[in-house]
$ cat work.txt   # compact mmCIF, C-alpha atoms and all ligand atoms
# COMPACT_ATOMS: atom_id res chain seq x y z
CA MET A 1 -1.80 -24.67 3.79
CA ASP A 2 -3.29 -24.15 0.34
CA TYR A 3 -4.02 -20.60 -0.72
CA SER A 4 -6.09 -19.26 -3.54
CA ILE A 5 -4.63 -16.15 -5.14
CA ALA A 6 -6.17 -13.97 -7.84
CA VAL A 7 -3.72 -12.30 -10.21
CA ILE A 8 -4.53 -9.11 -12.09
CA ALA A 9 -1.39 -8.42 -14.10
CA GLY A 10 -2.97 -5.36 -15.72
CA ASP A 11 -1.43 -2.94 -18.20
CA GLY A 12 1.94 -1.81 -19.49
CA THR A 13 4.79 -3.33 -17.54
CA GLY A 14 2.33 -4.91 -15.07
CA PRO A 15 2.60 -8.40 -16.58
CA GLU A 16 6.41 -8.25 -16.63
CA VAL A 17 6.76 -7.36 -12.96
CA VAL A 18 3.98 -9.78 -11.95
CA ARG A 19 5.88 -12.59 -13.67
CA GLU A 20 8.90 -11.90 -11.44
CA GLY A 21 6.72 -11.59 -8.35
CA LEU A 22 5.17 -14.98 -9.08
CA LYS A 23 8.62 -16.49 -9.63
CA VAL A 24 9.55 -15.38 -6.12
CA LEU A 25 6.24 -16.60 -4.70
CA GLN A 26 6.94 -20.02 -6.17
CA ALA A 27 10.39 -20.15 -4.59
CA ALA A 28 9.00 -19.06 -1.22
CA ALA A 29 6.20 -21.64 -1.34
CA ALA A 30 8.59 -24.45 -2.25
CA ARG A 31 10.82 -23.63 0.68
CA ALA A 32 8.08 -22.95 3.22
CA GLY A 33 6.08 -25.98 2.13
CA PHE A 34 2.73 -24.42 1.30
CA SER A 35 0.79 -24.64 -1.94
CA TYR A 36 -1.40 -22.17 -3.81
CA GLN A 37 -3.68 -21.91 -6.80
CA LEU A 38 -3.54 -18.92 -9.14
CA THR A 39 -6.48 -17.51 -11.07
CA HIS A 40 -5.59 -14.91 -13.69
CA TYR A 41 -7.92 -12.02 -14.54
CA ASP A 42 -7.46 -9.65 -17.47
CA PHE A 43 -8.94 -6.49 -15.97
CA GLY A 44 -7.22 -3.31 -17.07
CA GLY A 45 -7.01 -0.78 -19.86
CA ALA A 46 -6.75 -3.27 -22.72
CA ARG A 47 -9.91 -5.09 -21.67
CA TYR A 48 -11.72 -1.81 -21.14
CA LEU A 49 -10.84 -0.65 -24.67
CA ARG A 50 -12.01 -4.01 -26.05
CA THR A 51 -15.23 -4.47 -24.08
CA GLY A 52 -16.00 -1.24 -22.20
CA GLU A 53 -15.80 -3.17 -18.95
CA THR A 54 -13.67 -2.11 -16.01
CA LEU A 55 -14.36 -4.34 -13.00
CA PRO A 56 -17.80 -5.91 -13.46
CA ASP A 57 -19.95 -6.69 -10.43
CA SER A 58 -19.75 -10.40 -11.20
CA ALA A 59 -15.97 -10.21 -10.78
CA ILE A 60 -16.30 -8.78 -7.29
CA GLY A 61 -18.06 -11.93 -6.14
CA GLU A 62 -15.37 -14.07 -7.71
CA LEU A 63 -12.48 -12.07 -6.29
CA GLN A 64 -14.03 -12.35 -2.86
CA GLU A 65 -13.52 -16.11 -2.95
CA HIS A 66 -9.73 -15.74 -2.92
CA ASP A 67 -7.39 -15.32 0.03
CA ALA A 68 -5.47 -12.56 -1.69
CA ILE A 69 -5.12 -10.59 -4.92
CA PHE A 70 -1.81 -9.76 -6.60
CA LEU A 71 -2.15 -6.68 -8.79
CA GLY A 72 0.46 -5.51 -11.31
CA ALA A 73 -0.44 -2.10 -12.69
CA ILE A 74 -3.53 -0.40 -14.02
CA GLY A 75 -3.23 2.48 -16.49
CA HIS A 76 -3.35 2.77 -20.27
CA PRO A 77 -2.28 5.73 -22.45
CA ASP A 78 -5.43 5.43 -24.61
CA VAL A 79 -7.87 5.53 -21.70
CA GLU A 80 -8.83 8.91 -20.31
CA PRO A 81 -7.64 9.57 -16.76
CA GLY A 82 -10.00 8.53 -13.99
CA VAL A 83 -11.83 5.71 -15.77
CA LEU A 84 -9.56 2.88 -14.67
CA GLU A 85 -8.63 4.43 -11.33
CA LEU A 86 -12.29 4.72 -10.38
CA GLY A 87 -13.58 1.68 -12.25
CA ILE A 88 -10.98 -0.80 -11.08
CA LEU A 89 -8.79 0.32 -8.19
CA LEU A 90 -11.27 2.34 -6.17
CA LYS A 91 -14.11 -0.01 -7.07
CA ALA A 92 -12.17 -2.96 -5.66
CA ARG A 93 -11.37 -1.03 -2.49
CA PHE A 94 -15.00 -0.13 -1.87
CA ALA A 95 -16.75 -3.25 -3.11
CA LEU A 96 -14.41 -5.57 -1.20
CA ASP A 97 -14.38 -3.18 1.77
CA LEU A 98 -10.59 -3.10 1.83
CA TYR A 99 -10.53 -0.64 4.67
CA ILE A 100 -6.80 -0.64 5.34
CA ASN A 101 -4.19 0.72 2.98
CA LEU A 102 -0.87 -0.45 4.33
CA ARG A 103 2.32 1.20 3.08
CA PRO A 104 5.68 0.32 4.57
CA VAL A 105 8.33 3.01 4.13
CA LYS A 106 11.59 1.15 4.55
CA LEU A 107 14.93 2.09 3.10
CA PHE A 108 16.82 -1.08 2.20
CA ALA A 109 20.59 -1.22 2.52
CA GLY A 110 22.19 -0.13 -0.74
CA VAL A 111 19.26 1.98 -1.89
CA GLU A 112 19.82 5.69 -2.36
CA THR A 113 17.57 8.14 -0.55
CA PRO A 114 17.38 11.85 -1.33
CA ILE A 115 17.42 12.55 2.41
CA LYS A 116 20.90 13.64 3.45
CA ASP A 117 22.60 11.73 6.27
CA LYS A 118 19.73 9.26 6.73
CA GLY A 119 20.02 5.53 6.18
CA PRO A 120 18.14 2.27 6.74
CA LYS A 121 18.25 2.80 10.50
CA GLU A 122 16.40 6.11 10.25
CA ILE A 123 13.93 5.34 7.47
CA ASP A 124 11.78 2.44 8.63
CA PHE A 125 8.13 3.11 9.36
CA VAL A 126 4.69 1.98 8.25
CA VAL A 127 1.70 4.09 7.22
CA VAL A 128 -1.77 2.72 7.94
CA ARG A 129 -4.15 4.69 5.73
CA GLU A 130 -7.93 4.43 6.11
CA ASN A 131 -9.05 3.26 2.68
CA THR A 132 -12.85 3.52 2.37
CA GLU A 133 -13.96 6.84 3.83
CA GLY A 134 -12.87 10.46 4.18
CA LEU A 135 -12.77 12.54 1.01
CA TYR A 136 -12.79 9.35 -1.07
CA ALA A 137 -16.36 8.52 0.01
CA SER A 138 -17.61 10.53 -2.96
CA THR A 139 -20.37 12.40 -1.19
CA GLY A 140 -21.12 16.00 -2.02
CA GLY A 141 -22.37 17.62 -5.16
CA PHE A 142 -22.76 20.62 -7.35
CA LEU A 143 -25.15 23.49 -7.00
CA LYS A 144 -25.76 25.82 -9.96
CA LYS A 145 -23.18 23.92 -11.96
CA GLY A 146 -21.78 25.83 -14.90
CA THR A 147 -23.01 29.21 -13.68
CA PRO A 148 -20.96 31.97 -12.08
CA ASP A 149 -22.62 31.04 -8.75
CA GLU A 150 -21.53 27.44 -8.97
CA ILE A 151 -20.85 25.58 -5.73
CA ALA A 152 -18.94 22.30 -5.49
CA VAL A 153 -18.96 20.48 -2.16
CA GLN A 154 -16.76 17.44 -1.45
CA GLU A 155 -17.40 16.00 1.98
CA SER A 156 -15.07 14.07 4.24
CA VAL A 157 -17.01 11.16 5.72
CA ASN A 158 -15.72 9.73 9.00
CA THR A 159 -17.77 7.08 10.75
CA ARG A 160 -17.03 5.89 14.26
CA LEU A 161 -17.01 2.32 12.96
CA GLY A 162 -14.69 3.14 10.07
CA VAL A 163 -12.30 5.16 12.19
CA GLU A 164 -12.28 2.63 15.00
CA ARG A 165 -11.56 -0.43 12.88
CA CYS A 166 -8.69 1.40 11.21
CA LEU A 167 -7.26 2.54 14.55
CA ARG A 168 -7.50 -0.96 16.01
CA TYR A 169 -5.59 -2.40 13.06
CA ALA A 170 -2.91 0.27 13.53
CA PHE A 171 -2.63 -0.35 17.28
CA ASP A 172 -2.29 -4.07 16.64
CA TYR A 173 0.36 -3.38 14.01
CA ALA A 174 2.32 -1.16 16.40
CA GLY A 175 2.32 -4.08 18.84
CA ARG A 176 3.92 -6.51 16.39
CA LYS A 177 7.28 -7.98 17.28
CA ASP A 178 8.91 -6.25 14.31
CA ARG A 179 7.69 -2.76 15.38
CA ARG A 180 8.70 -0.51 18.24
CA GLY A 181 5.33 -0.08 19.93
CA GLN A 182 4.67 3.50 18.94
CA LEU A 183 1.62 4.77 17.05
CA THR A 184 1.38 8.31 15.67
CA LEU A 185 -1.99 9.72 14.68
CA VAL A 186 -1.49 12.07 11.74
CA GLY A 187 -4.32 14.56 11.31
CA LYS A 188 -5.33 18.18 11.39
CA THR A 189 -7.06 18.67 14.72
CA ASN A 190 -6.39 22.41 14.70
CA VAL A 191 -8.49 23.14 11.61
CA LEU A 192 -10.67 20.16 10.66
CA THR A 193 -12.32 20.21 14.04
CA TYR A 194 -15.17 17.74 13.41
CA ALA A 195 -13.44 14.91 11.61
CA TRP A 196 -10.29 15.04 13.69
CA ASP A 197 -12.15 15.44 16.93
CA LEU A 198 -13.72 12.04 16.24
CA TRP A 199 -10.36 10.51 15.29
CA TRP A 200 -8.66 12.04 18.35
CA ARG A 201 -11.29 10.82 20.82
CA ALA A 202 -11.41 7.33 19.34
CA PHE A 203 -7.59 7.16 19.26
CA ASN A 204 -7.28 7.98 22.95
CA GLU A 205 -10.26 5.94 24.14
CA ILE A 206 -9.15 2.80 22.33
CA GLY A 207 -5.53 3.36 23.33
CA ASP A 208 -6.39 3.79 27.00
CA SER A 209 -8.79 0.89 27.23
CA ASP A 210 -7.22 -1.74 24.98
CA TYR A 211 -3.63 -0.81 24.12
CA PRO A 212 -2.05 0.66 27.25
CA ARG A 213 1.40 -0.60 26.19
CA ILE A 214 1.41 1.26 22.86
CA LYS A 215 2.99 4.71 23.07
CA ARG A 216 0.69 7.29 21.48
CA GLU A 217 1.90 10.33 19.55
CA TYR A 218 0.13 12.93 17.46
CA ALA A 219 1.37 15.09 14.55
CA HIS A 220 -0.39 17.46 12.17
CA VAL A 221 -0.18 16.32 8.56
CA ASP A 222 1.76 19.36 7.38
CA ALA A 223 4.33 18.96 10.14
CA THR A 224 4.52 15.25 9.30
CA CYS A 225 5.75 16.13 5.78
CA MET A 226 8.47 18.18 7.41
CA TRP A 227 9.47 15.36 9.79
CA PHE A 228 9.56 12.79 6.96
CA VAL A 229 12.39 14.83 5.51
CA LYS A 230 14.03 16.12 8.68
CA ASN A 231 13.61 13.31 11.24
CA PRO A 232 12.02 10.21 9.69
CA GLU A 233 13.37 8.13 12.58
CA TRP A 234 10.67 9.61 14.79
CA PHE A 235 8.05 7.39 13.20
CA ASP A 236 7.23 3.76 13.82
CA VAL A 237 3.60 3.21 12.83
CA ILE A 238 1.44 6.07 11.52
CA VAL A 239 -2.34 6.01 11.24
CA THR A 240 -4.24 8.58 9.20
CA ASP A 241 -7.26 9.19 6.99
CA ASN A 242 -7.64 8.42 3.31
CA MET A 243 -6.59 11.72 1.74
CA PHE A 244 -3.72 12.51 4.07
CA GLY A 245 -2.52 8.93 3.72
CA ASP A 246 -2.59 9.19 -0.06
CA ILE A 247 -0.42 12.30 0.01
CA ILE A 248 2.14 11.41 2.65
CA THR A 249 2.77 7.94 1.23
CA ASP A 250 3.98 9.42 -2.07
CA LEU A 251 6.50 11.39 -0.06
CA GLY A 252 7.25 8.19 1.86
CA ALA A 253 7.86 6.27 -1.39
CA MET A 254 10.40 8.89 -2.46
CA ILE A 255 12.41 8.80 0.75
CA GLN A 256 12.58 4.99 0.61
CA GLY A 257 14.16 5.10 -2.82
CA GLY A 258 11.31 5.70 -5.25
CA MET A 259 8.60 3.90 -7.15
CA GLY A 260 10.91 1.05 -8.16
CA ILE A 261 10.79 -0.30 -4.63
CA ALA A 262 7.55 0.87 -2.96
CA ALA A 263 4.67 -1.55 -2.44
CA GLY A 264 1.30 -1.36 -0.75
CA GLY A 265 -1.58 -3.50 0.42
CA ASN A 266 -5.34 -2.91 0.41
CA ILE A 267 -6.66 -5.11 3.15
CA HIS A 268 -9.83 -6.29 4.82
CA PRO A 269 -8.17 -8.12 7.70
CA GLY A 270 -9.18 -11.75 7.89
CA LYS A 271 -11.06 -11.62 4.60
CA ILE A 272 -8.90 -10.58 1.69
CA GLY A 273 -5.95 -8.41 0.78
CA MET A 274 -4.90 -6.89 -2.55
CA PHE A 275 -1.18 -6.20 -2.92
CA GLU A 276 0.47 -4.03 -5.54
CA PRO A 277 3.61 -2.21 -6.53
CA ILE A 278 2.87 1.50 -6.16
CA GLY A 279 4.52 2.67 -9.40
CA GLY A 280 2.27 2.81 -12.46
CA SER A 281 2.12 0.86 -15.71
CA ALA A 282 5.14 2.71 -17.24
CA PRO A 283 3.89 2.22 -20.83
CA LYS A 284 7.09 3.44 -22.47
CA TYR A 285 9.09 0.58 -20.95
CA THR A 286 6.58 -2.14 -21.85
CA GLY A 287 8.01 -5.36 -23.23
CA GLN A 288 11.67 -4.29 -23.04
CA ASN A 289 12.69 -6.29 -19.97
CA VAL A 290 14.08 -3.10 -18.38
CA ILE A 291 11.52 -2.30 -15.69
CA ASN A 292 12.46 -2.86 -12.05
CA PRO A 293 10.30 -5.66 -10.62
CA LEU A 294 11.39 -5.19 -6.99
CA ALA A 295 8.27 -3.23 -5.99
CA ALA A 296 6.14 -6.13 -7.24
CA VAL A 297 8.38 -8.53 -5.36
CA ALA A 298 7.95 -6.38 -2.26
CA ALA A 299 4.18 -6.66 -2.82
CA VAL A 300 4.58 -10.44 -2.74
CA GLN A 301 6.49 -10.05 0.51
CA MET A 302 3.52 -8.15 1.97
CA LEU A 303 1.10 -10.73 0.60
CA LEU A 304 3.03 -13.50 2.34
CA ASP A 305 3.06 -11.57 5.58
CA TYR A 306 -0.70 -11.04 5.27
CA LEU A 307 -1.25 -14.77 4.72
CA GLY A 308 0.61 -15.50 7.95
CA GLN A 309 3.76 -16.71 6.18
CA GLY A 310 5.98 -14.29 8.07
CA GLU A 311 9.13 -16.34 7.70
CA ALA A 312 8.69 -16.66 3.96
CA ALA A 313 8.12 -12.89 3.83
CA SER A 314 11.44 -12.30 5.57
CA TRP A 315 13.25 -14.58 3.07
CA VAL A 316 11.81 -12.45 0.28
CA GLU A 317 13.05 -9.31 1.99
CA GLN A 318 16.53 -10.84 2.26
CA GLY A 319 16.29 -11.72 -1.41
CA ILE A 320 15.40 -8.14 -2.32
CA ILE A 321 18.41 -6.86 -0.39
CA HIS A 322 20.59 -9.48 -2.11
CA ALA A 323 19.39 -8.34 -5.56
CA ILE A 324 19.91 -4.67 -4.73
CA GLY A 325 23.52 -5.47 -3.88
CA LYS A 326 24.06 -6.72 -7.44
CA MET A 327 22.11 -4.06 -9.34
CA GLU A 328 23.76 -0.96 -10.76
CA SER A 329 20.67 1.16 -10.15
CA LEU A 330 17.01 0.74 -9.27
CA SER A 331 15.89 2.85 -12.25
CA ALA A 332 14.30 1.30 -15.31
CA GLY A 333 16.90 0.79 -18.02
CA HIS A 334 19.85 1.37 -15.71
CA MET A 335 19.76 -1.75 -13.56
CA GLY A 336 22.73 -3.37 -15.33
CA MET A 337 20.52 -6.42 -15.89
CA GLY A 338 17.09 -7.36 -17.16
CA THR A 339 13.79 -7.49 -15.32
CA ASP A 340 13.91 -11.30 -15.38
CA GLN A 341 17.43 -11.41 -13.94
CA VAL A 342 16.39 -9.31 -10.97
CA GLY A 343 13.58 -11.78 -10.30
CA ASP A 344 16.02 -14.67 -10.67
CA LEU A 345 18.37 -13.16 -8.10
CA VAL A 346 15.60 -12.81 -5.52
CA ALA A 347 14.20 -16.28 -6.23
CA GLU A 348 17.66 -17.88 -5.99
CA SER A 349 18.28 -16.18 -2.69
CA VAL A 350 14.93 -17.35 -1.33
CA THR A 351 15.65 -20.91 -2.46
CA LYS A 352 19.22 -21.12 -1.19
CA ARG A 353 19.28 -19.44 2.17
C1 LIG A 401 -3.00 5.41 -4.59
C2 LIG A 401 -3.41 6.13 -5.85
C3 LIG A 401 -4.94 6.12 -5.94
C4 LIG A 401 -5.47 6.88 -4.75
C5 LIG A 401 -5.51 6.65 -7.26
C6 LIG A 401 -4.88 5.99 -8.46
C7 LIG A 401 -7.00 6.53 -7.30
O1 LIG A 401 -2.90 7.41 -5.90
O2 LIG A 401 -3.24 4.21 -4.48
O3 LIG A 401 -2.44 6.06 -3.70
O4 LIG A 401 -5.67 8.10 -4.84
O5 LIG A 401 -5.70 6.27 -3.72
MN MN A 402 -1.67 7.92 -4.20
$ encode --input "work.txt" --output "structure tokens" --more "lines below"
Ligand code: IPM
Ligand code: MN
Amino acid sequence: MDYSIAVIAGDGTGPEVVREGLKVLQAAAARAGFSYQLTHYDFGGARYLRTGETLPDSAIGELQEHDAIFLGAIGHPDVEPGVLELGILLKARFALDLYINLRPVKLFAGVETPIKDKGPKEIDFVVVRENTEGLYASTGGFLKKGTPDEIAVQESVNTRLGVERCLRYAFDYAGRKDRRGQLTLVGKTNVLTYAWDLWWRAFNEIGDSDYPRIKREYAHVDATCMWFVKNPEWFDVIVTDNMFGDIITDLGAMIQGGMGIAAGGNIHPGKIGMFEPIGGSAPKYTGQNVINPLAAVAAVQMLLDYLGQGEAASWVEQGIIHAIGKMESLSAGHMGMGTDQVGDLVAESVTKR
């Protein structure tokens, strides 16, 4: 196999963590016996400040040619909030139709969780977030803007096609060998009675007709937040809409040990996937070799899994666990070693095992 991978290192500590992720990718490729070509792109805050460009349309066409995208971090202290989020991250999701946002919530051995009496056995689930519709579809508008009668409407868009393709991905995921065959729909059927009626019907119809072996569960989104803290072991695979998925995965990242370890993927199955550490660009740590690269390494693990290199992905996971065992802490500046040494530990483990 020969893969073509686009790399957007981005801003702040993005390039530092991407460097470690690529180190691990190289070790995994050498051992698994596949090759890959990297193409680096400089999209991010610095380029925006220089040229006024975020993610130009011409780049979308180019990115589309790759099998996967590895993204470091987007966010610059001198750029007003929203510009890069909308212009780069959300633009890529919509323009490339990356309709799945995949976020594993897995507590690795040796990582501290704020949840009392819960360990790696209890905290191990995956959130499948719809990534192109819902409240993120940007439909709505103002009426009488700026007057005392002003009205602002923000609509949640749910198409049968969009809901169905997301559900099917989640059902398939719940059927994987490394999952337990349970899919929980997280919604708000008791209040949002149009959107969640569609989700609920599609969930049950598809489940009955095509996935009879997958056990179906349902939980309201507010109750889900409670269960994440009280009984996270109840979850295996969760499927939910864009906004709910955004919110509950931040809670998920915290119970798995924080932003130093959480990764996510934006995926159009079979076409392209964009993988990223969830933590931001952490400008104050830039260039000091103190940032934790493990979330970026975990993004590489997801990228490998997406490419069908499941075994290589599991070596990377073992490598992450190996590195955690040697680190004093997962927090930037307190790891007891440098960013590059953490990457070395994972890469060595991948090479040796
Ligand atoms: C995420 C982020 C984005 C989102 C922002 C940066 C636009 O919070 O990936 O979860 O809201 O989806
Ligand atoms: Mn978010």
$ residues_near_point --input "work.txt" --point "(3.4, 17.0, 12.5)" --cutoff "12 Å" --atoms "only C-alpha atoms" --output "NGL selection string"
:A and (184-190 or 217-232 or 234-235 or 238 or 240 or 244 or 248)
$ write_last_selection --input "work.txt" --atoms "C-alpha atoms" --output "short mmCIF file (atom, residue, chain, number, x, y, z; two decimals), in the coordinates of the input"
data_model
loop_
_atom_site.label_atom_id
_atom_site.label_comp_id
_atom_site.auth_asym_id
_atom_site.auth_seq_id
_atom_site.Cartn_x
_atom_site.Cartn_y
_atom_site.Cartn_z
CA THR A 184 1.38 8.31 15.67
CA LEU A 185 -1.99 9.72 14.68
CA VAL A 186 -1.49 12.07 11.74
CA GLY A 187 -4.32 14.56 11.31
CA LYS A 188 -5.33 18.18 11.39
CA THR A 189 -7.06 18.67 14.72
CA ASN A 190 -6.39 22.41 14.70
CA GLU A 217 1.90 10.33 19.55
CA TYR A 218 0.13 12.93 17.46
CA ALA A 219 1.37 15.09 14.55
CA HIS A 220 -0.39 17.46 12.17
CA VAL A 221 -0.18 16.32 8.56
CA ASP A 222 1.76 19.36 7.38
CA ALA A 223 4.33 18.96 10.14
CA THR A 224 4.52 15.25 9.30
CA CYS A 225 5.75 16.13 5.78
CA MET A 226 8.47 18.18 7.41
CA TRP A 227 9.47 15.36 9.79
CA PHE A 228 9.56 12.79 6.96
CA VAL A 229 12.39 14.83 5.51
CA LYS A 230 14.03 16.12 8.68
CA ASN A 231 13.61 13.31 11.24
CA PRO A 232 12.02 10.21 9.69
CA TRP A 234 10.67 9.61 14.79
CA PHE A 235 8.05 7.39 13.20
CA ILE A 238 1.44 6.07 11.52
CA THR A 240 -4.24 8.58 9.20
CA PHE A 244 -3.72 12.51 4.07
CA ILE A 248 2.14 11.41 2.65
#
$ axis_aligned_box --input "work.txt" --around "ligand LIG 401 (chain A)" --padding-each-side "3 Å" --output "JSON"
{"center_x": -4.7, "center_y": 6.2, "center_z": -6.1, "size_x": 10.6, "size_y": 9.9, "size_z": 10.8}
$ atom_distance --input "work.txt" --atom1 "CA of Ile278 (chain A)" --atom2 "CA of Ala313 (chain A)"
18.3 Å
$ residues_near_ligand --input "work.txt" --ligand "ligand MN 402 (chain A)" --cutoff "8 Å" --atoms "all atoms listed in the file" --output "ChimeraX atom specification"
/A:246-247,249-250
$ atom_distance --input "work.txt" --atom1 "atom C2 of ligand LIG 401 (chain A)" --atom2 "CA of Leu86 (chain A)"
10.1 Å
$ atom_distance --input "work.txt" --atom1 "CA of Phe94 (chain A)" --atom2 "CA of Met243 (chain A)"
15.0 Å
$ closest_residue --input "work.txt" --among "A:Met259, A:Ala59, A:Val237, A:Leu22" --to "ligand LIG 401 (chain A)" --atoms "only C-alpha atoms and all ligand atoms"
A:Met259
$ closest_residue --input "work.txt" --among "A:Ile100, A:Ala312, A:Ile320, A:Ile255" --to "ligand LIG 401 (chain A)" --atoms "only C-alpha atoms and all ligand atoms"
A:Ile100
$ residues_around --input "work.txt" --residues "Trp315 (chain A)" --least-positions-apart "6" --cutoff "9 Å" --atoms "all atoms listed in the file" --output "ChimeraX atom specification"
/A:28,301,349-351,353
$ residues_around --input "work.txt" --residues "region 124-131 of chain A" --least-positions-apart "5" --cutoff "7 Å" --atoms "all atoms listed in the file" --output "PDB file with C-alpha atoms, in the frame of the given file"
ATOM      1  CA  LEU A  98     -10.590  -3.100   1.830  1.00  0.00           C
ATOM      2  CA  TYR A  99     -10.530  -0.640   4.670  1.00  0.00           C
ATOM      3  CA  ILE A 100      -6.800  -0.640   5.340  1.00  0.00           C
ATOM      4  CA  ASN A 101      -4.190   0.720   2.980  1.00  0.00           C
ATOM      5  CA  LEU A 102      -0.870  -0.450   4.330  1.00  0.00           C
ATOM      6  CA  ARG A 103       2.320   1.200   3.080  1.00  0.00           C
ATOM      7  CA  PRO A 104       5.680   0.320   4.570  1.00  0.00           C
ATOM      8  CA  VAL A 105       8.330   3.010   4.130  1.00  0.00           C
ATOM      9  CA  LYS A 106      11.590   1.150   4.550  1.00  0.00           C
ATOM     10  CA  LEU A 107      14.930   2.090   3.100  1.00  0.00           C
ATOM     11  CA  CYS A 166      -8.690   1.400  11.210  1.00  0.00           C
ATOM     12  CA  ALA A 170      -2.910   0.270  13.530  1.00  0.00           C
ATOM     13  CA  PHE A 235       8.050   7.390  13.200  1.00  0.00           C
ATOM     14  CA  ASP A 236       7.230   3.760  13.820  1.00  0.00           C
ATOM     15  CA  VAL A 237       3.600   3.210  12.830  1.00  0.00           C
ATOM     16  CA  ILE A 238       1.440   6.070  11.520  1.00  0.00           C
ATOM     17  CA  VAL A 239      -2.340   6.010  11.240  1.00  0.00           C
ATOM     18  CA  THR A 240      -4.240   8.580   9.200  1.00  0.00           C
ATOM     19  CA  ASP A 241      -7.260   9.190   6.990  1.00  0.00           C
ATOM     20  CA  ASN A 242      -7.640   8.420   3.310  1.00  0.00           C
ATOM     21  CA  GLY A 245      -2.520   8.930   3.720  1.00  0.00           C
TER      22      GLY A 245
END
$ closest_atom_pairs --input "work.txt" --of "region 126-164 of chain A" --to "region 199-210 of chain A" --cutoff "8 Å" --atoms "only C-alpha atoms" --output "CSV"
residue,atom,partner,partner_atom,distance
A:Arg160,CA,A:Ala202,CA,7.7
A:Val163,CA,A:Trp199,CA,6.5
A:Glu164,CA,A:Ala202,CA,6.5
$ residues_around --input "work.txt" --residues "Gly270 (chain A)" --least-positions-apart "2" --cutoff "12 Å" --atoms "all atoms listed in the file" --output "PyMOL selection string"
chain A and resi 64+66-68+97-100+169+267-268+272-273+306-308
$ closest_residue --input "work.txt" --among "A:Pro277, A:Pro77, A:Pro15, A:Gly110" --to "ligand LIG 401 (chain A)" --atoms "all atoms listed in the file"
A:Pro277
$ residues_around --input "work.txt" --residues "region 211-215 of chain A" --least-positions-apart "6" --cutoff "7 Å" --atoms "all atoms listed in the file" --output "PDB file with C-alpha atoms, in the frame of the given file"
ATOM      1  CA  PHE A 171      -2.630  -0.350  17.280  1.00  0.00           C
ATOM      2  CA  ALA A 174       2.320  -1.160  16.400  1.00  0.00           C
ATOM      3  CA  GLY A 175       2.320  -4.080  18.840  1.00  0.00           C
ATOM      4  CA  GLY A 181       5.330  -0.080  19.930  1.00  0.00           C
ATOM      5  CA  GLN A 182       4.670   3.500  18.940  1.00  0.00           C
ATOM      6  CA  LEU A 183       1.620   4.770  17.050  1.00  0.00           C
TER       7      LEU A 183
END
$ residues_around --input "work.txt" --residues "Tyr41 (chain A)" --least-positions-apart "5" --cutoff "12 Å" --atoms "only C-alpha atoms" --output "PyMOL selection string"
chain A and resi 5-11+15+47+54-56+59-60+62-63+69-72
$ build_atoms --input "work.txt" --residues "region 214-222 of chain A" --atoms "N, CA, C and O atoms" --output "PDB file, in the coordinates of the input"
ATOM      1  N   ILE A 214       0.993   0.553  24.078  1.00  0.00           N
ATOM      2  CA  ILE A 214       1.410   1.260  22.860  1.00  0.00           C
ATOM      3  C   ILE A 214       1.567   2.755  23.187  1.00  0.00           C
ATOM      4  O   ILE A 214       0.663   3.385  23.740  1.00  0.00           O
ATOM      5  N   LYS A 215       2.720   3.295  22.832  1.00  0.00           N
ATOM      6  CA  LYS A 215       2.990   4.710  23.070  1.00  0.00           C
ATOM      7  C   LYS A 215       2.284   5.536  21.992  1.00  0.00           C
ATOM      8  O   LYS A 215       2.477   5.307  20.800  1.00  0.00           O
ATOM      9  N   ARG A 216       1.452   6.486  22.435  1.00  0.00           N
ATOM     10  CA  ARG A 216       0.690   7.290  21.480  1.00  0.00           C
ATOM     11  C   ARG A 216       1.358   8.642  21.232  1.00  0.00           C
ATOM     12  O   ARG A 216       1.812   9.293  22.167  1.00  0.00           O
ATOM     13  N   GLU A 217       1.388   9.012  19.939  1.00  0.00           N
ATOM     14  CA  GLU A 217       1.900  10.330  19.550  1.00  0.00           C
ATOM     15  C   GLU A 217       0.887  10.945  18.593  1.00  0.00           C
ATOM     16  O   GLU A 217       0.061  10.239  17.998  1.00  0.00           O
ATOM     17  N   TYR A 218       0.988  12.252  18.430  1.00  0.00           N
ATOM     18  CA  TYR A 218       0.130  12.930  17.460  1.00  0.00           C
ATOM     19  C   TYR A 218       0.969  13.923  16.666  1.00  0.00           C
ATOM     20  O   TYR A 218       1.846  14.592  17.224  1.00  0.00           O
ATOM     21  N   ALA A 219       0.715  14.058  15.362  1.00  0.00           N
ATOM     22  CA  ALA A 219       1.370  15.090  14.550  1.00  0.00           C
ATOM     23  C   ALA A 219       0.385  15.610  13.506  1.00  0.00           C
ATOM     24  O   ALA A 219      -0.382  14.823  12.937  1.00  0.00           O
ATOM     25  N   HIS A 220       0.401  16.909  13.274  1.00  0.00           N
ATOM     26  CA  HIS A 220      -0.390  17.460  12.170  1.00  0.00           C
ATOM     27  C   HIS A 220       0.207  16.966  10.847  1.00  0.00           C
ATOM     28  O   HIS A 220       1.417  16.747  10.749  1.00  0.00           O
ATOM     29  N   VAL A 221      -0.639  16.892   9.838  1.00  0.00           N
ATOM     30  CA  VAL A 221      -0.180  16.320   8.560  1.00  0.00           C
ATOM     31  C   VAL A 221       0.875  17.196   7.890  1.00  0.00           C
ATOM     32  O   VAL A 221       1.816  16.681   7.263  1.00  0.00           O
ATOM     33  N   ASP A 222       0.754  18.493   8.013  1.00  0.00           N
ATOM     34  CA  ASP A 222       1.760  19.360   7.380  1.00  0.00           C
ATOM     35  C   ASP A 222       3.119  19.198   8.078  1.00  0.00           C
ATOM     36  O   ASP A 222       4.167  19.075   7.434  1.00  0.00           O
TER      37      ASP A 222
END
